[in-house]
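To be precise, the following lines are final.txt, and they hold compact mmCIF, C-alpha atoms.
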```txt
# COMPACT_ATOMS: atom_id res chain seq x y z
CA MET A 1 100.61 89.93 13.73
CA ILE A 2 102.72 93.09 13.44
CA THR A 3 106.03 92.57 11.64
CA THR A 4 108.99 94.88 12.13
CA ASP A 5 112.75 94.86 12.39
CA ILE A 6 113.07 96.00 15.98
CA CYS A 7 110.56 95.82 18.80
CA ILE A 8 111.23 98.41 21.49
CA ILE A 9 109.67 97.76 24.87
CA GLY A 10 109.08 101.16 26.48
CA ALA A 11 108.21 104.43 24.75
CA GLY A 12 110.05 106.77 27.10
CA PRO A 13 112.67 109.24 25.85
CA VAL A 14 115.29 106.57 25.27
CA GLY A 15 112.92 104.18 23.47
CA LEU A 16 111.76 107.05 21.26
CA PHE A 17 115.27 108.18 20.38
CA ALA A 18 116.26 104.58 19.65
CA VAL A 19 113.80 104.74 16.72
CA PHE A 20 115.88 107.56 15.27
CA GLU A 21 119.16 105.68 15.59
CA ALA A 22 117.56 102.58 14.07
CA GLY A 23 116.03 104.62 11.26
CA LEU A 24 119.43 105.97 10.22
CA LEU A 25 120.40 102.36 9.59
CA LYS A 26 117.17 101.61 7.70
CA MET A 27 115.75 99.50 10.50
CA ARG A 28 112.04 99.84 11.26
CA CYS A 29 110.71 99.93 14.82
CA HIS A 30 107.54 99.15 16.74
CA LEU A 31 107.18 100.47 20.30
CA ILE A 32 105.06 98.98 23.06
CA ASP A 33 104.30 100.74 26.35
CA ALA A 34 102.14 99.89 29.35
CA LEU A 35 101.11 103.53 29.64
CA THR A 36 98.45 104.86 27.30
CA MET A 37 100.72 107.72 26.23
CA VAL A 38 104.33 108.01 25.08
CA GLY A 39 107.08 109.64 27.15
CA GLY A 40 107.32 107.26 30.10
CA GLN A 41 108.23 108.96 33.37
CA LEU A 42 108.42 112.33 31.62
CA SER A 43 104.74 112.14 30.79
CA GLU A 44 103.50 110.19 33.80
CA ILE A 45 105.49 111.72 36.64
CA TYR A 46 106.89 115.12 35.72
CA PRO A 47 105.45 116.52 32.46
CA GLN A 48 105.78 120.14 33.64
CA LYS A 49 109.30 119.94 35.10
CA PRO A 50 112.26 121.51 33.37
CA ILE A 51 115.17 119.22 32.52
CA TYR A 52 118.53 120.97 32.57
CA ASP A 53 120.96 118.37 31.28
CA ILE A 54 119.80 117.70 27.73
CA PRO A 55 122.60 119.01 25.47
CA GLY A 56 121.45 121.87 23.31
CA ALA A 57 118.01 122.06 24.94
CA PRO A 58 118.58 124.05 28.16
CA GLY A 59 115.79 123.82 30.75
CA ILE A 60 113.47 122.02 28.37
CA ILE A 61 110.07 121.11 29.85
CA ALA A 62 109.70 117.33 30.04
CA GLU A 63 106.59 117.13 27.86
CA ASP A 64 108.25 119.36 25.26
CA LEU A 65 111.20 117.00 25.09
CA VAL A 66 108.76 114.17 24.40
CA LYS A 67 107.06 116.21 21.67
CA ASN A 68 110.42 117.02 20.09
CA LEU A 69 111.50 113.39 20.17
CA LEU A 70 108.27 112.38 18.41
CA LEU A 71 108.93 115.03 15.79
CA GLN A 72 112.49 113.81 15.35
CA ILE A 73 111.41 110.21 14.66
CA GLU A 74 108.28 111.01 12.66
CA GLU A 75 109.98 110.33 9.33
CA PHE A 76 110.90 106.82 10.38
CA LYS A 77 107.21 105.99 10.92
CA PRO A 78 107.42 103.84 14.03
CA GLY A 79 104.44 101.74 15.06
CA PHE A 80 102.95 102.10 18.54
CA THR A 81 101.05 99.76 20.80
CA LEU A 82 100.11 101.73 23.92
CA GLY A 83 98.33 100.73 27.10
CA GLU A 84 99.52 97.15 26.83
CA ARG A 85 102.17 95.38 28.86
CA VAL A 86 104.62 92.97 27.25
CA GLU A 87 104.22 89.57 28.84
CA SER A 88 106.46 87.22 26.88
CA LEU A 89 109.26 86.94 24.34
CA ASP A 90 109.07 83.77 22.25
CA LYS A 91 112.20 82.85 20.36
CA GLN A 92 111.60 81.44 16.87
CA GLU A 93 113.71 78.84 15.05
CA ASP A 94 115.35 81.43 12.82
CA GLY A 95 116.43 83.43 15.88
CA SER A 96 113.74 86.08 15.54
CA TYR A 97 111.29 86.86 18.33
CA ILE A 98 107.55 87.14 18.78
CA VAL A 99 106.75 89.67 21.48
CA LYS A 100 103.32 89.26 23.08
CA THR A 101 101.33 91.66 25.25
CA ASN A 102 98.70 91.11 27.92
CA GLU A 103 96.03 92.10 25.39
CA GLY A 104 97.17 89.52 22.86
CA THR A 105 99.02 91.86 20.49
CA ALA A 106 101.93 90.02 18.83
CA VAL A 107 104.97 91.66 17.22
CA HIS A 108 107.35 89.60 15.10
CA CYS A 109 110.82 91.16 15.09
CA LYS A 110 114.46 90.39 14.52
CA VAL A 111 115.73 92.27 17.58
CA VAL A 112 114.19 93.14 20.95
CA VAL A 113 115.22 96.32 22.76
CA ILE A 114 114.18 96.72 26.37
CA ALA A 115 113.97 100.45 27.13
CA ALA A 116 111.53 100.02 29.96
CA GLY A 117 112.90 102.54 32.46
CA LEU A 118 111.84 101.36 35.89
CA GLY A 119 109.55 98.70 34.52
CA SER A 120 105.91 99.07 33.70
CA PHE A 121 103.72 101.53 35.53
CA GLU A 122 100.99 99.66 37.31
CA PRO A 123 98.12 100.93 39.42
CA ARG A 124 98.63 101.20 43.15
CA LYS A 125 96.16 98.95 44.89
CA PRO A 126 94.57 100.10 48.14
CA ALA A 127 94.23 97.70 51.06
CA VAL A 128 90.62 96.65 50.50
CA GLU A 129 89.35 93.24 51.52
CA ARG A 130 88.56 90.96 48.52
CA LEU A 131 89.82 93.61 46.06
CA GLU A 132 91.72 91.15 43.88
CA HIS A 133 88.85 88.67 44.02
CA PHE A 134 86.68 91.12 42.08
CA GLU A 135 89.28 92.27 39.53
CA GLY A 136 87.63 92.10 36.13
CA LYS A 137 84.30 91.44 37.89
CA GLY A 138 83.55 95.02 38.84
CA VAL A 139 86.94 96.32 40.01
CA HIS A 140 88.84 98.54 37.56
CA TYR A 141 92.12 100.39 38.16
CA MET A 142 91.76 102.64 35.16
CA VAL A 143 88.97 103.87 32.95
CA LYS A 144 89.71 102.69 29.44
CA ARG A 145 86.21 102.77 27.96
CA PRO A 146 83.92 105.17 29.87
CA GLU A 147 80.92 103.84 27.94
CA GLN A 148 81.07 100.57 29.83
CA PHE A 149 79.82 102.47 32.88
CA ARG A 150 76.72 103.84 31.18
CA ASP A 151 73.68 103.56 33.49
CA LYS A 152 75.75 101.72 36.09
CA LYS A 153 76.24 102.51 39.76
CA VAL A 154 79.91 103.39 40.19
CA VAL A 155 82.02 103.99 43.31
CA LEU A 156 85.36 105.75 42.87
CA ALA A 157 88.06 106.13 45.52
CA GLY A 158 90.98 108.53 45.69
CA GLY A 159 91.75 112.20 46.11
CA GLY A 160 94.07 113.01 43.22
CA ASP A 161 93.41 114.55 39.85
CA SER A 162 92.36 111.36 38.11
CA ALA A 163 89.78 110.53 40.82
CA LEU A 164 88.33 114.04 40.50
CA ASP A 165 88.39 114.10 36.71
CA TRP A 166 86.73 110.70 36.29
CA THR A 167 84.12 111.52 38.93
CA ILE A 168 83.13 114.58 36.92
CA PHE A 169 83.24 112.75 33.60
CA LEU A 170 81.29 109.70 34.75
CA SER A 171 78.62 111.79 36.49
CA ASP A 172 77.06 112.28 33.04
CA ILE A 173 77.31 108.65 32.05
CA ALA A 174 76.72 106.44 35.07
CA SER A 175 73.34 106.22 36.81
CA ARG A 176 74.98 107.04 40.15
CA VAL A 177 78.52 108.11 41.01
CA THR A 178 79.95 108.00 44.52
CA LEU A 179 83.41 109.34 45.33
CA VAL A 180 85.07 108.16 48.54
CA HIS A 181 88.05 110.14 49.79
CA ARG A 182 90.18 109.76 52.90
CA GLY A 183 90.65 113.48 53.41
CA GLU A 184 88.32 116.37 54.01
CA THR A 185 89.48 118.48 51.10
CA PHE A 186 90.98 117.77 47.70
CA ARG A 187 94.40 118.95 46.73
CA GLY A 188 94.09 118.13 43.07
CA ALA A 189 93.42 120.88 40.52
CA PRO A 190 91.25 123.49 42.35
CA ASP A 191 88.84 123.74 39.38
CA SER A 192 88.15 120.02 39.43
CA ALA A 193 87.79 120.01 43.22
CA SER A 194 85.22 122.81 43.24
CA LYS A 195 83.33 121.14 40.40
CA VAL A 196 83.12 117.93 42.44
CA PHE A 197 81.79 119.83 45.49
CA GLU A 198 79.29 121.59 43.24
CA LEU A 199 78.04 118.29 41.78
CA ALA A 200 77.67 116.91 45.31
CA GLU A 201 75.68 119.96 46.44
CA LYS A 202 73.32 119.60 43.50
CA GLY A 203 72.86 115.95 44.43
CA LYS A 204 74.28 114.75 41.14
CA ILE A 205 76.95 112.65 42.86
CA ASP A 206 77.50 111.33 46.36
CA LEU A 207 80.63 112.54 48.04
CA ILE A 208 81.80 110.58 51.06
CA LEU A 209 84.73 112.30 52.77
CA GLN A 210 87.01 111.22 55.62
CA SER A 211 86.29 107.64 54.73
CA GLN A 212 87.84 104.67 52.99
CA VAL A 213 86.44 101.69 51.17
CA ASN A 214 87.47 98.74 53.31
CA SER A 215 85.81 95.69 51.83
CA LEU A 216 83.91 94.45 48.80
CA GLY A 217 81.00 92.04 48.61
CA GLY A 218 79.11 90.08 46.01
CA ASN A 219 78.59 86.62 44.71
CA GLY A 220 80.93 86.14 41.75
CA ILE A 221 80.44 89.71 40.61
CA LEU A 222 80.70 92.88 42.64
CA LYS A 223 77.45 93.92 44.38
CA GLU A 224 78.42 96.22 47.24
CA VAL A 225 81.22 98.14 48.92
CA SER A 226 81.65 98.76 52.63
CA ILE A 227 82.91 102.18 53.59
CA LEU A 228 84.60 102.89 56.89
CA SER A 229 84.62 106.48 58.05
CA ASN A 230 87.42 107.98 60.12
CA ASP A 231 85.09 107.91 63.15
CA LYS A 232 84.77 104.12 62.62
CA SER A 233 81.18 103.99 61.44
CA LEU A 234 80.52 101.50 58.66
CA THR A 235 78.14 101.91 55.74
CA THR A 236 77.47 99.53 52.90
CA ILE A 237 76.27 100.74 49.52
CA ALA A 238 75.18 98.82 46.45
CA THR A 239 77.32 99.25 43.35
CA ASP A 240 78.09 97.69 39.99
CA ASP A 241 81.65 98.93 39.74
CA PHE A 242 84.47 100.06 42.00
CA ILE A 243 87.30 102.20 40.58
CA PRO A 244 90.15 102.88 43.00
CA LEU A 245 92.44 105.58 41.54
CA PHE A 246 95.64 105.94 43.53
CA GLY A 247 98.20 106.63 40.87
CA LEU A 248 100.74 104.35 39.28
CA SER A 249 103.92 102.81 40.53
CA PRO A 250 106.65 101.16 38.46
CA LYS A 251 107.23 97.41 38.66
CA LEU A 252 109.85 95.31 36.86
CA GLY A 253 107.05 92.85 36.08
CA PRO A 254 107.50 90.05 33.53
CA ILE A 255 111.01 91.22 32.53
CA ALA A 256 112.22 89.31 35.56
CA ASP A 257 111.05 86.05 33.92
CA TRP A 258 112.93 86.32 30.61
CA ASN A 259 116.13 84.58 31.74
CA LEU A 260 118.10 87.81 31.54
CA GLY A 261 120.79 88.69 34.02
CA VAL A 262 119.07 90.93 36.58
CA GLU A 263 120.70 92.83 39.43
CA LYS A 264 118.70 95.06 41.78
CA SER A 265 115.74 95.36 39.39
CA ALA A 266 117.97 96.24 36.42
CA VAL A 267 119.08 94.19 33.41
CA VAL A 268 122.81 93.48 33.23
CA VAL A 269 124.38 94.46 29.88
CA ASN A 270 127.74 94.40 28.15
CA THR A 271 128.87 97.99 27.61
CA PHE A 272 130.41 97.03 24.27
CA ASP A 273 126.95 97.18 22.69
CA TYR A 274 124.41 97.13 25.57
CA SER A 275 123.50 93.56 24.74
CA THR A 276 122.09 91.30 27.42
CA ASN A 277 123.15 87.72 28.06
CA VAL A 278 120.55 86.60 25.49
CA GLU A 279 121.37 87.06 21.80
CA ARG A 280 119.26 89.67 19.95
CA ILE A 281 117.97 91.17 23.19
CA TYR A 282 119.39 94.55 24.21
CA ALA A 283 118.63 96.81 27.18
CA ILE A 284 119.12 100.59 27.18
CA GLY A 285 118.29 103.50 29.47
CA ASP A 286 117.32 103.28 33.15
CA ILE A 287 116.41 99.59 32.91
CA ASN A 288 120.01 98.44 32.39
CA THR A 289 122.98 98.29 34.71
CA TYR A 290 126.75 98.08 34.26
CA PRO A 291 129.78 99.34 36.17
CA GLY A 292 129.61 103.12 36.23
CA LYS A 293 125.97 103.28 35.11
CA LEU A 294 124.32 106.70 35.40
CA LYS A 295 120.56 106.91 35.10
CA LEU A 296 120.48 109.95 32.85
CA ILE A 297 118.50 110.54 29.69
CA ILE A 298 121.65 111.50 27.76
CA CYS A 299 123.34 108.25 28.75
CA GLY A 300 120.33 106.36 27.40
CA PHE A 301 120.59 108.28 24.13
CA HIS A 302 124.24 107.28 23.82
CA GLU A 303 123.39 103.66 24.57
CA ALA A 304 120.70 103.70 21.87
CA ALA A 305 123.18 104.87 19.22
CA ILE A 306 125.79 102.24 20.04
CA MET A 307 123.22 99.48 20.45
CA MET A 308 121.61 100.00 17.05
CA GLN A 309 124.98 99.66 15.28
CA SER A 310 125.27 96.24 16.89
CA ALA A 311 121.69 95.22 16.08
CA PHE A 312 122.29 95.91 12.35
CA LYS A 313 123.90 92.50 11.85
CA TYR A 314 120.68 90.71 12.82
CA VAL A 315 118.47 92.84 10.57
CA TYR A 316 120.82 92.88 7.56
CA PRO A 317 123.08 89.83 8.00
CA ASP A 318 124.43 90.09 4.43
CA GLN A 319 125.33 93.76 4.51
CA LYS A 320 128.35 95.51 5.84
CA LEU A 321 127.58 98.46 8.08
CA SER A 322 129.26 101.66 7.04
CA PHE A 323 129.01 104.56 9.43
CA LYS A 324 127.62 107.81 8.02
CA TYR A 325 127.07 111.26 9.48
CA THR A 326 123.59 112.83 9.19
CA THR A 327 125.30 116.07 8.18
CA VAL A 328 126.66 114.31 5.10
CA ASN A 329 123.82 112.02 4.19
CA GLY A 330 120.71 113.54 5.72
CA ILE A 331 118.39 111.06 7.34
CA ASN A 332 116.85 109.32 4.31
CA ALA A 333 113.34 108.86 5.63
CA PHE A 334 111.41 105.71 4.83
CA MET B 1 125.46 115.22 63.29
CA ILE B 2 122.07 114.09 64.60
CA ASN B 3 120.59 110.72 65.42
CA ILE B 4 117.52 109.30 63.70
CA THR B 5 115.78 106.00 64.40
CA VAL B 6 114.48 104.11 61.39
CA GLU B 7 112.04 101.24 61.56
CA ASP B 8 112.36 99.07 58.46
CA ARG B 9 109.60 97.16 56.70
CA ALA B 10 110.22 94.10 58.84
CA GLY B 11 109.72 96.17 61.99
CA SER B 12 113.27 96.25 63.32
CA ARG B 13 114.76 99.56 64.39
CA HIS B 14 118.20 101.00 63.75
CA ASP B 15 119.79 104.24 64.89
CA LEU B 16 121.46 106.24 62.16
CA ASP B 17 124.00 109.03 62.49
CA VAL B 18 122.94 111.67 60.03
CA PRO B 19 125.14 114.61 59.03
CA VAL B 20 123.16 117.82 58.64
CA ASP B 21 125.65 119.87 56.68
CA ILE B 22 126.10 117.90 53.47
CA GLY B 23 122.90 118.84 51.65
CA LEU B 24 121.24 115.41 51.55
CA ASN B 25 117.52 114.99 52.03
CA LEU B 26 116.17 112.17 54.18
CA MET B 27 115.41 109.95 51.15
CA GLU B 28 119.04 110.25 50.04
CA VAL B 29 120.24 109.52 53.59
CA LEU B 30 118.12 106.35 53.72
CA LYS B 31 119.47 105.25 50.35
CA ALA B 32 123.02 105.97 51.50
CA TYR B 33 122.38 103.62 54.43
CA GLU B 34 121.26 101.04 51.84
CA TYR B 35 117.59 101.02 52.69
CA ASP B 36 115.68 99.80 49.67
CA ILE B 37 113.88 102.95 48.50
CA GLN B 38 112.80 103.32 44.87
CA ALA B 39 112.79 107.14 44.73
CA THR B 40 111.58 106.96 41.15
CA CYS B 41 111.44 110.70 40.56
CA GLY B 42 114.80 111.32 42.22
CA GLY B 43 113.50 113.67 44.90
CA MET B 44 110.98 115.93 43.21
CA GLY B 45 108.20 114.83 45.57
CA LEU B 46 106.15 113.51 42.69
CA CYS B 47 106.26 109.72 42.79
CA ALA B 48 105.53 108.87 46.45
CA THR B 49 108.00 105.98 46.46
CA CYS B 50 109.84 107.33 49.53
CA HIS B 51 106.74 107.34 51.75
CA ILE B 52 107.53 107.29 55.49
CA GLU B 53 105.49 107.50 58.68
CA VAL B 54 106.75 109.86 61.35
CA ILE B 55 106.41 108.10 64.69
CA GLN B 56 108.12 110.68 66.88
CA GLY B 57 109.35 114.22 66.32
CA ALA B 58 106.83 115.40 63.69
CA GLU B 59 106.67 118.79 65.42
CA ASN B 60 110.31 119.42 64.56
CA LEU B 61 109.85 118.92 60.83
CA SER B 62 109.15 121.60 58.28
CA GLU B 63 105.49 121.65 57.22
CA CYS B 64 104.25 119.71 54.22
CA ASN B 65 103.81 121.98 51.21
CA ASP B 66 100.85 121.59 48.85
CA ASN B 67 102.90 119.68 46.33
CA GLU B 68 103.87 117.05 48.91
CA LEU B 69 100.28 116.79 50.17
CA ASP B 70 99.07 116.28 46.59
CA THR B 71 101.46 113.42 46.11
CA LEU B 72 100.61 111.86 49.49
CA ASP B 73 96.95 111.98 48.49
CA THR B 74 97.65 109.51 45.71
CA LEU B 75 98.79 106.87 48.20
CA PRO B 76 96.17 104.43 49.41
CA ASP B 77 97.95 103.90 52.74
CA ALA B 78 98.87 107.47 53.69
CA ASP B 79 97.59 109.03 56.91
CA SER B 80 98.15 112.20 58.90
CA ASN B 81 101.62 111.02 59.98
CA SER B 82 102.76 110.38 56.42
CA ARG B 83 105.60 112.31 54.77
CA LEU B 84 107.80 111.97 51.72
CA ALA B 85 111.38 111.44 52.86
CA CYS B 86 112.72 113.40 49.89
CA GLN B 87 110.97 116.55 51.10
CA ILE B 88 112.62 116.46 54.53
CA ARG B 89 116.02 118.06 54.91
CA PRO B 90 117.63 116.92 58.17
CA ASP B 91 118.66 119.75 60.50
CA GLU B 92 119.82 120.12 64.13
CA ASN B 93 116.23 120.28 65.44
CA MET B 94 115.43 116.79 64.18
CA ASP B 95 117.68 114.93 66.59
CA GLY B 96 115.75 111.95 67.99
CA LEU B 97 113.35 111.69 65.05
CA VAL B 98 111.74 108.25 64.74
CA ILE B 99 110.37 107.16 61.36
CA LYS B 100 109.03 104.03 59.74
CA ILE B 101 109.53 103.17 56.08
CA LYS B 102 106.14 102.66 54.47
CA ALA B 103 106.94 102.79 50.76
CA LEU B 104 106.83 99.47 48.97
CA GLN B 105 110.04 97.62 48.29
CA GLU B 106 111.70 97.75 44.90
CA ALA B 107 110.06 95.25 42.56
```

Represent the structure contained in this file as structure tokens.
Amino acid sequence: MITTDICIIGAGPVGLFAVFEAGLLKMRCHLIDALTMVGGQLSEIYPQKPIYDIPGAPGIIAEDLVKNLLLQIEEFKPGFTLGERVESLDKQEDGSYIVKTNEGTAVHCKVVVIAAGLGSFEPRKPAVERLEHFEGKGVHYMVKRPEQFRDKKVVLAGGGDSALDWTIFLSDIASRVTLVHRGETFRGAPDSASKVFELAEKGKIDLILQSQVNSLGGNGILKEVSILSNDKSLTTIATDDFIPLFGLSPKLGPIADWNLGVEKSAVVVNTFDYSTNVERIYAIGDINTYPGKLKLIICGFHEAAIMMQSAFKYVYPDQKLSFKYTTVNGINAF
Amino acid sequence: MINITVEDRAGSRHDLDVPVDIGLNLMEVLKAYEYDIQATCGGMGLCATCHIEVIQGAENLSECNDNELDTLDTLPDADSNSRLACQIRPDENMDGLVIKIKALQEA
């Protein structure tokens, strides 16, 4: 069990900056994110885009902002659990919480901060017959451990960068790799696309274009996929694994089940301190809503500062909070 | 002002009056008419949560650029009539456009 003062759900820009504001008040943080990297939307959706409305950082590139935020909080030594989705919050008798993820990680904390943006990013699932039936039995929506595909027959589907990149990567590991793509050409990175065509020409992979996987078969575990081409001909090929890669899409997910006030997929908070209707649980950034809410990174930063002042009373119930400027006191790293 | 017909997820159609001189893209117009569109990335054409199918009038739309095609390629249910509403800027030529909302509903 991980023990900390504050568990922050979501490692996007606002969750990261919240570590800084907590650190100033000597509160330690642990962050959990469903993505395997920090930065949230900035890393997943628009890493190369400039952001123009961060004060003092004109036109900063999204991934640079994430790097800078990590640098800014480094001294407060936050913990990270990445690639896991928070499933439940269990209130303890003393008022503290145990936060649990889908992989069984447990974080014991005094305060929970939901900085989950639009929810957790989850894989888009294509319309394939019996897809969900074979989840965990041959169907994978992401490649976490490439080694598990060693000497296996693998079918991938998709036309984006991740489908191309994993096809190339797995061609050296799996016994046979087949990539199925709806289109005729790939619009992902041109280098990756030409590499895939080259591998297909050499016979190292099978490339099936203008086609879609339309159903899966097997008895308990996946044995075969049926592929429908745009001209309606159907082929069935034997496989051990099927990896559809169609990007990620945000879902509110389990947050909806935590008895919090929720309006239009956002958590209702009191603007006095961005607390929710449940004591010790706060919500900041794009995930919250209140009259006049603006979904801007700077607004999330502001909310983080205010919110941590309020959370102090749960972490240090016997101390009086006195407000100090960093220019006067520095940041007093842990 | 032009007229656009929108088929919602349930299959019912509504005619919308759409102003062409106020700088809104089609995703923003749909949101203004309170259609439930996530538009996660806010209109950069990167998230594919404003996916629509053009049923009629595709010839009057500006062509898809590579960026939009890239994003559409990540969608399992995209086809040759698919567009991202955020990349379409309504103009006088689009009067009579008929579209269907394909993007998933907000969670």

Query raised in the report: Would you list which chain A residues are within 6 Å of chain B using only C-alpha atoms, as a PyMOL selection string?
Result: chain A and resi 126+159-160+187+246-247+251-252

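Take CA of Val180 in chain A and CA of Gln148 in chain A: the distance between them is 20.6 Å.
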
Query raised in the report: Within 10 Å of Asp5 in chain A, counting all atoms listed in the file, which residues qualify if same-chain residues fewer than 6 places away don't, as a PyMOL selection string?
Result: chain A and resi 22+26-30+96+107-112+311-312+314-316

What would the file look like if the residues just selected were written as a short mmCIF file (atom, residue, chain, number, x, y, z; two decimals), in the frame of the given file with C-alpha atoms?
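Output contents, as saved in out-v3.cif:
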```cif
data_model
loop_
_atom_site.label_atom_id
_atom_site.label_comp_id
_atom_site.auth_asym_id
_atom_site.auth_seq_id
_atom_site.Cartn_x
_atom_site.Cartn_y
_atom_site.Cartn_z
CA ALA A 22 117.56 102.58 14.07
CA LYS A 26 117.17 101.61 7.70
CA MET A 27 115.75 99.50 10.50
CA ARG A 28 112.04 99.84 11.26
CA CYS A 29 110.71 99.93 14.82
CA HIS A 30 107.54 99.15 16.74
CA SER A 96 113.74 86.08 15.54
CA VAL A 107 104.97 91.66 17.22
CA HIS A 108 107.35 89.60 15.10
CA CYS A 109 110.82 91.16 15.09
CA LYS A 110 114.46 90.39 14.52
CA VAL A 111 115.73 92.27 17.58
CA VAL A 112 114.19 93.14 20.95
CA ALA A 311 121.69 95.22 16.08
CA PHE A 312 122.29 95.91 12.35
CA TYR A 314 120.68 90.71 12.82
CA VAL A 315 118.47 92.84 10.57
CA TYR A 316 120.82 92.88 7.56
#
```

Point (101.7, 100.8, 23.4) neighbourhood (12 Å, all atoms listed in the file) written as a CSV table (one decimal) with C-alpha atoms, in the coordinates of the input:
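And here's part.csv as it stands now:
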```csv
chain,number,residue,atom,x,y,z
A,7,CYS,CA,110.6,95.8,18.8
A,8,ILE,CA,111.2,98.4,21.5
A,9,ILE,CA,109.7,97.8,24.9
A,10,GLY,CA,109.1,101.2,26.5
A,11,ALA,CA,108.2,104.4,24.8
A,12,GLY,CA,110.0,106.8,27.1
A,15,GLY,CA,112.9,104.2,23.5
A,30,HIS,CA,107.5,99.2,16.7
A,31,LEU,CA,107.2,100.5,20.3
A,32,ILE,CA,105.1,99.0,23.1
A,33,ASP,CA,104.3,100.7,26.4
A,34,ALA,CA,102.1,99.9,29.4
A,35,LEU,CA,101.1,103.5,29.6
A,36,THR,CA,98.4,104.9,27.3
A,37,MET,CA,100.7,107.7,26.2
A,38,VAL,CA,104.3,108.0,25.1
A,39,GLY,CA,107.1,109.6,27.2
A,40,GLY,CA,107.3,107.3,30.1
A,78,PRO,CA,107.4,103.8,14.0
A,79,GLY,CA,104.4,101.7,15.1
A,80,PHE,CA,103.0,102.1,18.5
A,81,THR,CA,101.0,99.8,20.8
A,82,LEU,CA,100.1,101.7,23.9
A,83,GLY,CA,98.3,100.7,27.1
A,84,GLU,CA,99.5,97.2,26.8
A,85,ARG,CA,102.2,95.4,28.9
A,86,VAL,CA,104.6,93.0,27.2
A,100,LYS,CA,103.3,89.3,23.1
A,101,THR,CA,101.3,91.7,25.2
A,102,ASN,CA,98.7,91.1,27.9
A,103,GLU,CA,96.0,92.1,25.4
A,105,THR,CA,99.0,91.9,20.5
A,106,ALA,CA,101.9,90.0,18.8
A,107,VAL,CA,105.0,91.7,17.2
A,116,ALA,CA,111.5,100.0,30.0
A,120,SER,CA,105.9,99.1,33.7
```

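Nearest-residue note for Gly42 in chain B: choosing from B:Asn65, B:Thr5, B:Gln87, B:Gln56, the minimum distance belongs to B:Gln87, counting all atoms listed in the file.
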
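For the pair CA of Pro13 in chain A and CA of Gly119 in chain A, the interatomic distance is 14.0 Å.
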
Query raised in the report: Hey, what's within 9 Å of Thr185 in chain A if we count all atoms listed in the file and toss same-chain stuff fewer than 6 positions away? As a PyMOL selection string, please?
Result: chain A and resi 159+193+209-210

Query raised in the report: Which polymer residues have any atom within 12 Å of an atom of range 62-73 of chain A, counting all atoms listed in the file, with same-chain residues fewer than 3 positions away left out, as a PyMOL selection string?
Result: chain A and resi 11-24+28-30+37-59+76-80+297+301+331-334

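The interatomic distance for the pair CA of Gly285 in chain A and CA of Glu75 in chain A works out to 22.8 Å.
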
Query - Exercise: range 286-296 of chain A partners within 8 Å, all atoms listed in the file, chain neighbours under 6 positions left out, as a PyMOL selection string - result: chain A and resi 114-119+263+265-271

Please report as JSON lines every residue of range 38-96 of chain B lying within 12 Å of range 9-18 of chain B, along with the nearest atom pair and their distance in Å (one decimal), using only C-alpha atoms.
```
{"residue": "B:His51", "atom": "CA", "partner": "B:Arg9", "partner_atom": "CA", "distance": 11.7}
{"residue": "B:Ile52", "atom": "CA", "partner": "B:Arg9", "partner_atom": "CA", "distance": 10.4}
{"residue": "B:Glu53", "atom": "CA", "partner": "B:Arg9", "partner_atom": "CA", "distance": 11.3}
{"residue": "B:Ile55", "atom": "CA", "partner": "B:Arg13", "partner_atom": "CA", "distance": 11.9}
{"residue": "B:Arg89", "atom": "CA", "partner": "B:Val18", "partner_atom": "CA", "distance": 10.7}
{"residue": "B:Pro90", "atom": "CA", "partner": "B:Val18", "partner_atom": "CA", "distance": 7.7}
{"residue": "B:Asp91", "atom": "CA", "partner": "B:Val18", "partner_atom": "CA", "distance": 9.2}
{"residue": "B:Glu92", "atom": "CA", "partner": "B:Val18", "partner_atom": "CA", "distance": 9.9}
{"residue": "B:Met94", "atom": "CA", "partner": "B:Val18", "partner_atom": "CA", "distance": 10.0}
{"residue": "B:Asp95", "atom": "CA", "partner": "B:Val18", "partner_atom": "CA", "distance": 9.0}
{"residue": "B:Gly96", "atom": "CA", "partner": "B:Asp15", "partner_atom": "CA", "distance": 9.2}
```

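Closest approach to Gln309 in chain A from the set A:Ala200, A:Leu131, A:Leu25, A:Val99 is made by A:Leu25, with distances taken over all atoms listed in the file.
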
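The shortest atom-to-atom distance to Asp241 in chain A, with only C-alpha atoms taken into account, belongs to A:Val154 out of A:Val154, A:Ala283, A:Ile306, A:Leu216.
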